[in-house]
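Heads up, the thing below is written out as structure tokens.
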Amino acid sequence: MWTLQPLNFRVSSYSHHQTTVAFRPSTTTSPSTLSTTNHNASIQSLCEKGQLKKALKLLSHEPNPTQHTYELLILSCADQRSLSDAFIVHRNLIDNGFDQDPFLATKLINMYYELDCIDRVRQVFDETLKKTIYVWNAFFRALSLWGHGEEVLGLYRRMNRIGIPSDRFTYTYVLKACVAAESLASLLQKGKEIHAHVLRHGYESHIHIMTTLVDMYARFGCVEDASSVFNEMPVKNVVSWSAMIACYAKNGKPLEALELFRALMLENCDTLPNSVTMVSVLQACASLAALEQGKLIHGYILRKGLDSILPVISALVTMYARCGDLELGQRVFSQMEKRDVVAWNSMISSYGIHGLGGKAIEVFKEMVSSGVSPSPISFVSVLGACSHSGLIEEGRYLFESMVKEHGITPTVEHYACMVDLLGRANQIDEAAKIIQDMRIEPGPKVWGSLLGSCRIHGNVELAERASKRLFELEPRNAGNYVLLADIYAEAEMWNEVKRVKKLVEARGLQKVSGCCWIEVERKIYSLTSVEEFNPQIEQIHALLIKLFMEMKEKGYVPETKVVLYDLEADEKERIVLGHSEKLAVAFGLIHNCKGETIRITKNLRLCEDCHSFTKFISKFAGREILVRDVNRFHHFKNGVCSCAEYW
DNA sequence: ACAGTTACGA
């Protein structure tokens with residue numbers, strides 16, 4: 001293994017000289033004394049052909065390598081991803097007196113960034129005395145992309161203090177740094193400040209900087225700010241459009257994303273969507289479960305020849321699966337010639353959300369045997385699949401192999417999967433033990449998983465412990481309070497229910513109300529329990545009441561424990577009958593009379609009563625019903641659900 | 001010479 005050696009022993013300082021005098025190494029030989037062997041041209045052409053090893057061999061025989069030779073060698077090392085060769089080139093460059101060349105320092109920083117060698121990036125930056133703006137920018141780029149945003153902002157302040165002017169590149173990296181901060185503290189304010197600097201320096205129509213701003217606001221979830229920057233851009237290109245579409249798609253505004261995509265198509269100018277654009281558009285279709293819309297987009301992708309681009313294919317697989325058509329996703333996946341880890345992961349998680357844990361594990365194994373190494377996300381996907389299918393032993397085994405065979409250190413996400421897996425299977429004590437033994441701080445996801453399990457198994461005592469931590473970690477997440485209130489209600493602890501409700505009120509939180517979507521003839525309809533706008537609401541209610549009566553006679557028992565009020569039984573029945581998924585089922589029955597599968601999407605987890613109601617109806621009405629809740633799919637057929645009660 | 005947008009999970 002290579003160890004980090006000190007390169008030289010000069011004290012580092014931040015130079016503010018902005019001179020552009022070309023650098024000359026101290027030991028240059030004049031042209032007349034050049035040795036007879038000059039390999040520079042050969043080394044350069046070997047680098048360009050990717051024959052790095054041969055180039056290095058020649059380098060050892062070349063007494064006077066030039067700056068350009070080193071430049072190409074450095075690029076080649078990054079290209080070949082060879083850290084050991086990088087060290088050889090770097091050493092050689094120092095020995096030949098180029099260690100203070102700011103041009104090569106810039107190249108070295110970029111190379112070491114590519115090679116993931118953070119110590120060397122710092123070392124080169126620190127030891128280069130004449131820090132040109134290029135050197136600063138390269139360092140900022142590496143740190144920002146590595147997520148050390150705060151350090152960049154600190155250095156930026158220092159730069160301003162010693163009077164080094166920023167250029168357009170500096171601004172893009174510093175803006176990126178605002179969202180790349182390691183601490184949880186939001187640097188939105190800082191970002192807005194820099195936004196002001198940018199405007200003050202007359203960059204308001206600079207397409208790169210403005211696009212970076214759109215992206216920055218998008219990542220902070222400030223959709224309004226992003227769109228106002230976008231709208232004020234005098235010139236836009238595909239990248240700016242893509243950034244804005246991605247902003248909508250990622251911030252729970254899929255309809256707006258599709259709308260903007262339509263606007264882009266209608267612009268009819270020379271800006272055409274590219275593969276990056278299409279990925280975000282597919283994401284929007286996936287979150288809406290807009291299958292028909294997604295198929296149209298797929299057609300467009302085929303026509304534009306974007307169907308061989310890996311990210312696009314992965315997004316297609318996910319889109320089909322999340323729209324409920326697993327078979328189409330499978331077909332797209334099976335036709336892939338080359339698969340990267342992301343493509344495999346999308347297929348694994350597709351099986352997972354459809355409750356086919358066995359298939360997910362199979363595909364996972366196929367991936368490994370085809371020579372693709374699993375990523376941390378592969379394990380999140382496959383462990384999630386195990387959890388959805390109740391494959392406890394398999395999940396345990398995979399978790400262990402992740403650490404021992406694949407050398408992946410578990411993250412909070414992995415622990416959350418394990419807690420979920422064990423918790424659902426009513427091995428709550430073991431789940432709690434996992435949390436106890438964690439070597440990292442269990443985040444909200446982990447406590448959330450535990451609380452969810454307590455909900456399923458009615459464990460009040462542990463729920464109180466989990467929620468106590470959860471309320472500290474994310475005091476403004478209303479969902480957690482609702483979960484705890486659910487658990488109290490189920491245990492008929494009405495005073496505690498009231499206490500939690502008061503807490504929610506006191507903190508001014510709004511609980512997310514249930515909402516369902518259903519696509520009828522390529523249009524998407526939304527239904528909520530406080531439905532007032534649907535003109536057919538009376539017809540829906542009438543149908544529900546009719547079904548309710550008939551099903552009760554056949555043995556359906558309403559599950560009213562989910563109601564958070566201490567009311568009479570019939571009153572509770574009335575409330576659960578109004579749940580949005582039941583309205584959506586009835587809406588589907590009314591509109592989709594050809595006997596096709598009814599597809600519904602829900603924004604929250606399915607409640608117990610709706611689950612058993614839909615099971616009943618699938619048999620009673622002889623219809624297949626597919627419901628996607630926040631976590632997974634439920635495929636109701638002939639009185640049975642594909643989730644086998646794991647959800 | 002250094003730049004902006006994208007996929008897989010919760």
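Going through the structure tokens in order, the chains are called A, B, and so on, while each chain numbers its residues from 1 and the ligands are numbered from 1 in the order shown.
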
Inset, instruction - Give me the residues within 6 Å of segment 3-10 of chain B as a list in words, counting only C-alpha atoms (C1' of nucleotides) and dropping any in the same chain fewer than 2 places off. - result: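 Within the cut-off, the hits are Phe169, His208, Thr211, Thr212, Val239, Ser242, Ala243, Val276, Val279, Pro311, Ser314, Ala315, Val342, Asn345, Ser346 and Val380 of chain A.
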
Original post:
Which residues in segment 503-550 of chain A does DSSP call strand (DSSP E)? List them as a PyMOL selection string.
Top reply: chain A and resi 515-520+523-528

Output for the residues just chosen: N, CA, C and O atoms as a PDB file, in the first residue's frame:
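The new file again.pdb reads:
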```pdb
ATOM      1  N   CYS A 515     -54.502  11.070   1.083  1.00  0.00           N
ATOM      2  CA  CYS A 515     -54.916  11.458  -0.254  1.00  0.00           C
ATOM      3  C   CYS A 515     -54.617  10.306  -1.201  1.00  0.00           C
ATOM      4  O   CYS A 515     -53.607   9.633  -1.059  1.00  0.00           O
ATOM      5  N   CYS A 516     -55.516  10.063  -2.129  1.00  0.00           N
ATOM      6  CA  CYS A 516     -55.305   9.002  -3.108  1.00  0.00           C
ATOM      7  C   CYS A 516     -55.409   9.560  -4.515  1.00  0.00           C
ATOM      8  O   CYS A 516     -56.146  10.513  -4.758  1.00  0.00           O
ATOM      9  N   TRP A 517     -54.667   8.927  -5.433  1.00  0.00           N
ATOM     10  CA  TRP A 517     -54.740   9.304  -6.841  1.00  0.00           C
ATOM     11  C   TRP A 517     -55.184   8.102  -7.656  1.00  0.00           C
ATOM     12  O   TRP A 517     -54.873   6.964  -7.327  1.00  0.00           O
ATOM     13  N   ILE A 518     -55.888   8.375  -8.704  1.00  0.00           N
ATOM     14  CA  ILE A 518     -56.281   7.303  -9.601  1.00  0.00           C
ATOM     15  C   ILE A 518     -56.323   7.855 -11.021  1.00  0.00           C
ATOM     16  O   ILE A 518     -56.783   8.970 -11.253  1.00  0.00           O
ATOM     17  N   GLU A 519     -55.775   7.088 -11.957  1.00  0.00           N
ATOM     18  CA  GLU A 519     -55.710   7.544 -13.347  1.00  0.00           C
ATOM     19  C   GLU A 519     -56.894   6.939 -14.102  1.00  0.00           C
ATOM     20  O   GLU A 519     -57.069   5.723 -14.131  1.00  0.00           O
ATOM     21  N   VAL A 520     -57.730   7.789 -14.670  1.00  0.00           N
ATOM     22  CA  VAL A 520     -58.839   7.311 -15.490  1.00  0.00           C
ATOM     23  C   VAL A 520     -58.730   7.997 -16.840  1.00  0.00           C
ATOM     24  O   VAL A 520     -58.738   9.230 -16.919  1.00  0.00           O
ATOM     25  N   LYS A 523     -56.186  10.742 -17.259  1.00  0.00           N
ATOM     26  CA  LYS A 523     -56.293  11.902 -16.381  1.00  0.00           C
ATOM     27  C   LYS A 523     -56.124  11.410 -14.955  1.00  0.00           C
ATOM     28  O   LYS A 523     -56.567  10.316 -14.612  1.00  0.00           O
ATOM     29  N   ILE A 524     -55.493  12.263 -14.138  1.00  0.00           N
ATOM     30  CA  ILE A 524     -55.272  11.840 -12.767  1.00  0.00           C
ATOM     31  C   ILE A 524     -56.237  12.562 -11.844  1.00  0.00           C
ATOM     32  O   ILE A 524     -56.329  13.790 -11.858  1.00  0.00           O
ATOM     33  N   TYR A 525     -56.975  11.777 -11.058  1.00  0.00           N
ATOM     34  CA  TYR A 525     -57.933  12.351 -10.121  1.00  0.00           C
ATOM     35  C   TYR A 525     -57.414  12.138  -8.718  1.00  0.00           C
ATOM     36  O   TYR A 525     -56.885  11.079  -8.405  1.00  0.00           O
ATOM     37  N   SER A 526     -57.578  13.145  -7.865  1.00  0.00           N
ATOM     38  CA  SER A 526     -57.182  12.938  -6.476  1.00  0.00           C
ATOM     39  C   SER A 526     -58.426  12.937  -5.595  1.00  0.00           C
ATOM     40  O   SER A 526     -59.408  13.631  -5.865  1.00  0.00           O
ATOM     41  N   LEU A 527     -58.377  12.115  -4.567  1.00  0.00           N
ATOM     42  CA  LEU A 527     -59.507  12.023  -3.644  1.00  0.00           C
ATOM     43  C   LEU A 527     -59.009  12.129  -2.212  1.00  0.00           C
ATOM     44  O   LEU A 527     -57.984  11.536  -1.863  1.00  0.00           O
ATOM     45  N   THR A 528     -59.705  12.918  -1.394  1.00  0.00           N
ATOM     46  CA  THR A 528     -59.342  13.003   0.016  1.00  0.00           C
ATOM     47  C   THR A 528     -60.587  12.750   0.855  1.00  0.00           C
ATOM     48  O   THR A 528     -61.717  12.819   0.363  1.00  0.00           O
TER      49      THR A 528
END
```

DSSP helix (DSSP H, G or I) residues within segment 144-345 of chain A, as a PyMOL selection string: chain A and resi 144-145+149-161+168-179+188-200+207-219+223-231+238-250+254-267+275-288+291-303+310-322+326-334+341-345

Requested in this report: Tell me, as a VMD selection string, which residues lie within 8 Å of Phe364 of chain A, counting only C-alpha atoms (C1' of nucleotides); anything in the same chain fewer than 3 positions away does not count.
Outcome: chain A and resid 344 348 360 to 361 367 to 368 378 382

Fill in: Distance query Ala246 of chain A at most 12 Å, only C-alpha atoms (C1' of nucleotides), self and fewer than 2 positions along chain excluded, as a PyMOL selection string
(chain A and resi 211+214-219+221+223+226-227+238-244+248-258+260-261+276-284) or (chain B and resi 5-6)

| query | In Å, with one decimal, what is the gap from atom CA of His457 of chain A to atom CA of Gly578 of chain A? | reply |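 Between atom CA of His457 of chain A and atom CA of Gly578 of chain A the gap is 25.3 Å.
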
Using only C-alpha atoms (C1' of nucleotides), the residue out of A:Gly448, A:Gly97, A:Gly355, A:Gly163 with shortest distance to chain B is A:Gly448

> Within 9 Å of Phe616 of chain A, counting only C-alpha atoms (C1' of nucleotides), which residues qualify if same-chain residues fewer than 2 places away don't, as a list in words?
Replying inline: Met551, Tyr556, His611, Ser612, Phe613, Thr614, Ser618, Lys619, Phe620, Ala621, Phe636, Asn638, Gly639 and Val640 of chain A

Would you output that residue set with all heavy atoms, as a compact mmCIF listing (two decimals), in the first residue's frame?
```txt
# COMPACT_ATOMS: atom_id res chain seq x y z
N MET A 551 -71.16 -6.37 2.45
CA MET A 551 -69.96 -7.07 2.90
C MET A 551 -70.03 -7.44 4.38
O MET A 551 -69.51 -8.47 4.80
CB MET A 551 -68.72 -6.22 2.61
CG MET A 551 -68.34 -6.34 1.16
SD MET A 551 -67.04 -5.24 0.61
CE MET A 551 -66.13 -4.91 2.03
N TYR A 556 -67.45 -9.22 6.80
CA TYR A 556 -66.45 -8.17 6.95
C TYR A 556 -66.66 -7.44 8.27
O TYR A 556 -67.77 -7.04 8.61
CB TYR A 556 -66.58 -7.19 5.78
CG TYR A 556 -66.00 -5.81 6.01
CD1 TYR A 556 -64.62 -5.65 6.17
CD2 TYR A 556 -66.81 -4.69 6.07
CE1 TYR A 556 -64.08 -4.40 6.38
CE2 TYR A 556 -66.27 -3.43 6.26
CZ TYR A 556 -64.90 -3.29 6.43
OH TYR A 556 -64.38 -2.05 6.63
N HIS A 611 -57.24 -1.84 4.32
CA HIS A 611 -56.59 -3.05 3.82
C HIS A 611 -57.57 -4.23 3.81
O HIS A 611 -57.73 -4.90 2.79
CB HIS A 611 -55.36 -3.37 4.68
CG HIS A 611 -54.44 -4.35 4.05
ND1 HIS A 611 -54.44 -5.68 4.39
CD2 HIS A 611 -53.49 -4.20 3.10
CE1 HIS A 611 -53.52 -6.31 3.66
NE2 HIS A 611 -52.93 -5.43 2.87
N SER A 612 -58.26 -4.43 4.91
CA SER A 612 -59.16 -5.59 4.92
C SER A 612 -60.40 -5.33 4.07
O SER A 612 -60.91 -6.24 3.42
CB SER A 612 -59.54 -5.98 6.36
OG SER A 612 -60.26 -4.95 6.96
N PHE A 613 -60.84 -4.09 4.01
CA PHE A 613 -61.96 -3.71 3.16
C PHE A 613 -61.65 -4.02 1.69
O PHE A 613 -62.45 -4.63 0.97
CB PHE A 613 -62.22 -2.20 3.33
CG PHE A 613 -63.36 -1.66 2.51
CD1 PHE A 613 -64.65 -1.65 3.00
CD2 PHE A 613 -63.13 -1.12 1.24
CE1 PHE A 613 -65.71 -1.12 2.26
CE2 PHE A 613 -64.17 -0.59 0.49
CZ PHE A 613 -65.45 -0.60 1.00
N THR A 614 -60.44 -3.63 1.26
CA THR A 614 -60.07 -3.83 -0.14
C THR A 614 -59.90 -5.32 -0.46
O THR A 614 -60.24 -5.77 -1.54
CB THR A 614 -58.80 -3.03 -0.48
OG1 THR A 614 -58.93 -1.72 0.05
CG2 THR A 614 -58.59 -2.92 -1.97
N SER A 618 -62.09 -7.09 -3.36
CA SER A 618 -61.48 -7.72 -4.53
C SER A 618 -62.19 -9.05 -4.82
O SER A 618 -62.35 -9.44 -5.97
CB SER A 618 -59.99 -7.94 -4.31
OG SER A 618 -59.76 -8.94 -3.35
N LYS A 619 -62.63 -9.71 -3.75
CA LYS A 619 -63.34 -10.97 -3.94
C LYS A 619 -64.81 -10.71 -4.30
O LYS A 619 -65.35 -11.26 -5.25
CB LYS A 619 -63.25 -11.79 -2.65
CG LYS A 619 -63.94 -13.13 -2.78
CD LYS A 619 -63.50 -14.07 -1.68
CE LYS A 619 -64.11 -15.44 -1.97
NZ LYS A 619 -63.55 -16.45 -1.10
N PHE A 620 -65.36 -9.80 -3.53
CA PHE A 620 -66.78 -9.49 -3.65
C PHE A 620 -67.16 -8.96 -5.03
O PHE A 620 -68.14 -9.38 -5.63
CB PHE A 620 -67.12 -8.45 -2.57
CG PHE A 620 -68.57 -8.26 -2.36
CD1 PHE A 620 -69.34 -9.27 -1.78
CD2 PHE A 620 -69.19 -7.07 -2.73
CE1 PHE A 620 -70.69 -9.08 -1.56
CE2 PHE A 620 -70.53 -6.89 -2.51
CZ PHE A 620 -71.29 -7.89 -1.93
N ALA A 621 -66.29 -8.04 -5.54
CA ALA A 621 -66.60 -7.45 -6.84
C ALA A 621 -65.86 -8.15 -7.97
O ALA A 621 -65.98 -7.77 -9.12
CB ALA A 621 -66.23 -5.96 -6.82
N PHE A 636 -54.32 -6.70 -4.53
CA PHE A 636 -55.49 -7.39 -3.99
C PHE A 636 -56.14 -8.23 -5.08
O PHE A 636 -56.45 -7.71 -6.16
CB PHE A 636 -56.51 -6.40 -3.45
CG PHE A 636 -55.98 -5.56 -2.32
CD1 PHE A 636 -55.46 -4.29 -2.57
CD2 PHE A 636 -56.01 -6.03 -1.01
CE1 PHE A 636 -54.99 -3.51 -1.54
CE2 PHE A 636 -55.54 -5.24 0.03
CZ PHE A 636 -55.02 -3.98 -0.24
N ASN A 638 -58.91 -11.66 -5.37
CA ASN A 638 -59.70 -12.76 -4.82
C ASN A 638 -59.63 -12.86 -3.29
O ASN A 638 -59.47 -13.95 -2.75
CB ASN A 638 -59.23 -14.07 -5.48
CG ASN A 638 -60.32 -15.13 -5.41
OD1 ASN A 638 -61.50 -14.80 -5.20
ND2 ASN A 638 -59.95 -16.38 -5.54
N GLY A 639 -59.69 -11.71 -2.64
CA GLY A 639 -59.72 -11.71 -1.19
C GLY A 639 -58.38 -11.83 -0.49
O GLY A 639 -58.31 -11.89 0.74
N VAL A 640 -57.29 -11.84 -1.27
CA VAL A 640 -55.96 -11.97 -0.66
C VAL A 640 -55.10 -10.79 -1.11
O VAL A 640 -55.27 -10.27 -2.21
CB VAL A 640 -55.28 -13.28 -1.13
CG1 VAL A 640 -53.98 -13.51 -0.38
CG2 VAL A 640 -56.22 -14.46 -0.95
```

Contacts of Asn459 of chain A within 12 Å, only C-alpha atoms (C1' of nucleotides), excl. fewer than 4 positions in-chain, as a PyMOL selection string: chain A and resi 423-424+426-429+450-455+463-467+483-484+486-488+490-491
